[in-house]
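**Student:** Below are the structure tokens for one structure; questions will follow.
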Amino acid sequence: MASAAVATDANQTEQEHHDSLQAHFQPNISADEIEQVFHLKRAQPLLQVFTALFHGGFDGVLVRLLVLRELASDAATSAYTRADINTKLAYLLPESLETVLLRLRSNQLLAWDAQQGVYRVTPMARNVLSAIDSLLGLGQTEDEAEMGFLLSQVAGAQAVGGVSVEQLQHLLGRLVDLTEEFSDAIASGSEFRLRTAQAKWNMACDWVEKGSEILVAITSDENADSATHKAAQAIGRAQSKLLNMQGMFSRALNQIERQRVHLGQSGLSTTDIKRWLLLHDDLASLAEGAIDQPVVPLFSTPAEMIDVAETELLSERAAGVINTGLPSGEDAPTTISDGPAMQLELDDLLERLSNFASLGNFPSIGEEGPKSVPVQDSLLPASFAVASYRASMLPLLGDVSEASLQGSTAELARLPITFTPTDEMVQLTDPHVAAMSIASLSLNVSLDLDGATFDE
């Protein structure tokens, strides 16, 4: 009778669990018909371990992980008496330690050996801690692409011959997310968003290179099923699409560079202003001392208003003279436009570069000579504003779309000169310009002298 009662209680508990789960599904859908439900139910012991660790507030979770990590970190012994645990975790209150030990023991994270009177860390607990430590370790590195953990899981599973389709699909999903994120950044046209996305893209490409060998091993494995092969091939296609975005980044940044707006002749652009503003955490503080106190209104009393009204009424007004004739002519005011000054600067730069590109600057036949010069030799001497304006014109050299137009900028674009910039800076002794990007100007056309052609 007692056995029958125990069996009845177990069946009733299982039925209650099934009914509580079924309450989340549509009435005409059985929870047992869902494939993922079957897989999750089969992993119930492992999931209950995570529930025991992470259920409740963060402080309680932290203390449980602390106790379990402390016990599992000692490789010198695998068994702990209660006295050993009290000594090792003496910084915890006895009541809190007792509660945590009871919870870990009741959920198969700690095993109690009654014969020897010691606690042991279970294999399941070590597996759980290993997975958590891997995620925590990769979370502390500079992995903005967030692919390190996913790729490490695939690599580890491949090394022991147990890679699953689910692991590959997680990695594929992350690659698709990154591709969409980078595409949105390119479509936004924002220089700052583009440069941030490009830095993240470079890091993602590093992970792609590390994972290429793993994918080759998976696709060449004869024992892998068709679903695994398809997932690996899909990851390969996603990686190729991700790598091909380099040209899209370059074209978008070049387009922004051509459309950069400079503020007058200061040499500053809107990008420089935004970068400077981003360096300030409190933008409102920039207005301190720049904005005066609010206007204080002045109110008139009724007596003052009466005095003003009497003055206006009693004053003699001059009779208005109606003049129907046209007003006399006046000379137009003389204005000074800033356009010609900038045109003069452009013509001066064009003359400088044209002299550099003339035939007289080529070395003689059989003579070795320099065909490139540092960019500062063509921009200086000049004031900071003029040097900045000249530097802003250099990206037009070799621009095919600009060269097809008319005007001074088109003549500049058609010059046989190549502008080669870098990201590094060089210090100068110029009184107006302290430093400048390292760049060079070089000739890029064939030389035709006396009917003979000599290529560079």
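Identifiers for the structure tokens are assigned positionally: chains receive A, B, ... in sequence, residues are indexed from 1 per chain, and ligands are indexed from 1 in the order shown.
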Per residue of stretch 91-186 of chain A within 7 Å of stretch 63-81 of chain A, note the shortest atom pair and the distance in Å to one decimal, counting only C-alpha atoms, and order the rows by chain and increasing residue number, as JSON lines.
**Tutor:**
{"residue": "A:Val100", "atom": "CA", "partner": "A:Arg64", "partner_atom": "CA", "distance": 6.0}
{"residue": "A:Gly117", "atom": "CA", "partner": "A:Thr81", "partner_atom": "CA", "distance": 6.5}
{"residue": "A:Val118", "atom": "CA", "partner": "A:Thr81", "partner_atom": "CA", "distance": 4.5}
{"residue": "A:Tyr119", "atom": "CA", "partner": "A:Tyr80", "partner_atom": "CA", "distance": 5.1}
{"residue": "A:Arg120", "atom": "CA", "partner": "A:Ala79", "partner_atom": "CA", "distance": 5.0}
{"residue": "A:Val121", "atom": "CA", "partner": "A:Ala72", "partner_atom": "CA", "distance": 6.4}
**Student:** Let me see the file: selected residues, N, CA and C atoms, as a PDB file, in the first residue's frame.
**Tutor:**
ATOM      1  N   VAL A 100      24.062  28.128   1.691  1.00  0.00           N
ATOM      2  CA  VAL A 100      24.613  27.871   0.357  1.00  0.00           C
ATOM      3  C   VAL A 100      25.001  26.407   0.197  1.00  0.00           C
ATOM      4  N   GLY A 117      32.641  11.322   5.624  1.00  0.00           N
ATOM      5  CA  GLY A 117      32.269  12.596   6.212  1.00  0.00           C
ATOM      6  C   GLY A 117      32.877  13.790   5.506  1.00  0.00           C
ATOM      7  N   VAL A 118      32.886  13.791   4.143  1.00  0.00           N
ATOM      8  CA  VAL A 118      33.496  14.872   3.372  1.00  0.00           C
ATOM      9  C   VAL A 118      32.561  15.284   2.247  1.00  0.00           C
ATOM     10  N   TYR A 119      32.770  16.515   1.763  1.00  0.00           N
ATOM     11  CA  TYR A 119      32.082  17.041   0.586  1.00  0.00           C
ATOM     12  C   TYR A 119      32.991  16.876  -0.632  1.00  0.00           C
ATOM     13  N   ARG A 120      32.367  16.644  -1.791  1.00  0.00           N
ATOM     14  CA  ARG A 120      33.103  16.558  -3.053  1.00  0.00           C
ATOM     15  C   ARG A 120      32.363  17.382  -4.112  1.00  0.00           C
ATOM     16  N   VAL A 121      33.141  18.066  -4.963  1.00  0.00           N
ATOM     17  CA  VAL A 121      32.560  18.796  -6.084  1.00  0.00           C
ATOM     18  C   VAL A 121      32.214  17.807  -7.180  1.00  0.00           C
TER      19      VAL A 121
END
**Student:** Quick one: everything within 10 Å of A:Asp32, counting only C-alpha atoms, minus sequence neighbours fewer than 2 positions away in the same chain. Send it as a list of chain:residue names.
**Tutor:**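 Counting only C-alpha atoms, the residues come to A:His18, A:Leu21, A:Gln22, A:Ile29, A:Ser30, A:Ile34, A:Glu35, A:Gln36, A:Val37, A:Phe38, A:Lys41.
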**Student:** Create the file for the chosen residues now, containing C-alpha atoms and written as an mmCIF file, in the first residue's frame.
**Tutor:**
data_model
loop_
_atom_site.group_PDB
_atom_site.id
_atom_site.type_symbol
_atom_site.label_atom_id
_atom_site.label_comp_id
_atom_site.auth_asym_id
_atom_site.auth_seq_id
_atom_site.Cartn_x
_atom_site.Cartn_y
_atom_site.Cartn_z
ATOM 1 C CA HIS A 18 2.845 18.810 -17.521
ATOM 2 C CA LEU A 21 3.819 23.712 -18.990
ATOM 3 C CA GLN A 22 0.804 23.139 -21.230
ATOM 4 C CA ILE A 29 -1.027 22.375 -29.484
ATOM 5 C CA SER A 30 0.556 19.773 -27.232
ATOM 6 C CA ILE A 34 7.490 20.554 -30.030
ATOM 7 C CA GLU A 35 10.970 19.215 -30.806
ATOM 8 C CA GLN A 36 12.808 21.806 -28.737
ATOM 9 C CA VAL A 37 10.625 20.979 -25.719
ATOM 10 C CA PHE A 38 11.807 17.372 -25.947
ATOM 11 C CA LYS A 41 13.176 18.249 -21.018
#
**Student:** Would you please work out which residue, of A:Ala185, A:Gly148, A:Ala217, A:Asn254, is nearest to A:Cys205 when using only C-alpha atoms?
**Tutor:** A:Gly148
**Student:** To one decimal place in Å, what is the distance between atom CA of A:Phe54 and atom CA of A:Ser96?
**Tutor:**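 Spanning atom CA of A:Phe54 to atom CA of A:Ser96 is a straight-line distance of 16.2 Å.
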**Student:** In Å, with one decimal, what is the gap from atom CA of A:Val163 to atom CA of A:Leu243?
**Tutor:**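 Between atom CA of A:Val163 and atom CA of A:Leu243 the gap works out to 24.5 Å.
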**Student:** Tell me which protein, DNA and RNA residues are within 12 Å of A:Thr51, counting only C-alpha atoms, leaving out same-chain ones fewer than 4 positions away, and put them as a ChimeraX atom specification.
**Tutor:** /A:44-47,55-56,61,64,103-104,107-109,128
**Student:** Hey, can you spit out that residue selection with N, CA and C atoms as a tab-separated table (two decimals), in the first residue's frame?
**Tutor:**
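The file below, part21.tsv, is the result:
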chain	number	residue	atom	x	y	z
A	44	GLN	N	16.87	18.38	-18.40
A	44	GLN	CA	16.33	18.94	-17.17
A	44	GLN	C	17.32	18.91	-16.01
A	45	PRO	N	18.08	17.83	-15.77
A	45	PRO	CA	19.03	17.86	-14.64
A	45	PRO	C	20.05	18.99	-14.75
A	46	LEU	N	20.58	19.21	-15.97
A	46	LEU	CA	21.55	20.29	-16.15
A	46	LEU	C	20.90	21.65	-15.99
A	47	LEU	N	19.70	21.82	-16.52
A	47	LEU	CA	19.00	23.11	-16.39
A	47	LEU	C	18.65	23.40	-14.94
A	55	HIS	N	19.04	31.36	-9.55
A	55	HIS	CA	17.71	31.78	-9.11
A	55	HIS	C	17.84	32.77	-7.95
A	56	GLY	N	17.05	33.85	-8.00
A	56	GLY	CA	17.09	34.82	-6.92
A	56	GLY	C	17.85	36.07	-7.30
A	61	VAL	N	23.26	34.94	-5.96
A	61	VAL	CA	23.97	34.24	-7.04
A	61	VAL	C	25.47	34.38	-6.88
A	64	ARG	N	26.80	32.05	-4.07
A	64	ARG	CA	26.81	30.63	-4.48
A	64	ARG	C	27.98	30.34	-5.41
A	103	ARG	N	21.94	24.31	-0.38
A	103	ARG	CA	21.39	24.48	-1.73
A	103	ARG	C	22.24	23.75	-2.77
A	104	LEU	N	23.57	23.86	-2.66
A	104	LEU	CA	24.44	23.18	-3.62
A	104	LEU	C	24.35	21.67	-3.49
A	107	ASN	N	21.07	20.16	-4.98
A	107	ASN	CA	20.96	20.23	-6.45
A	107	ASN	C	22.14	19.57	-7.17
A	108	GLN	N	22.79	18.60	-6.50
A	108	GLN	CA	23.85	17.76	-7.09
A	108	GLN	C	25.07	18.56	-7.56
A	109	LEU	N	25.30	19.71	-6.95
A	109	LEU	CA	26.53	20.44	-7.23
A	109	LEU	C	27.64	20.06	-6.24
A	128	VAL	N	29.85	22.99	-15.41
A	128	VAL	CA	29.14	24.26	-15.38
A	128	VAL	C	30.12	25.40	-15.11
**Student:** Restricting the calculation to only C-alpha atoms: of A:Gly211, A:Pro416, A:Gly398, A:Pro381, which residue gets closest to A:Thr429?
**Tutor:** A:Pro381
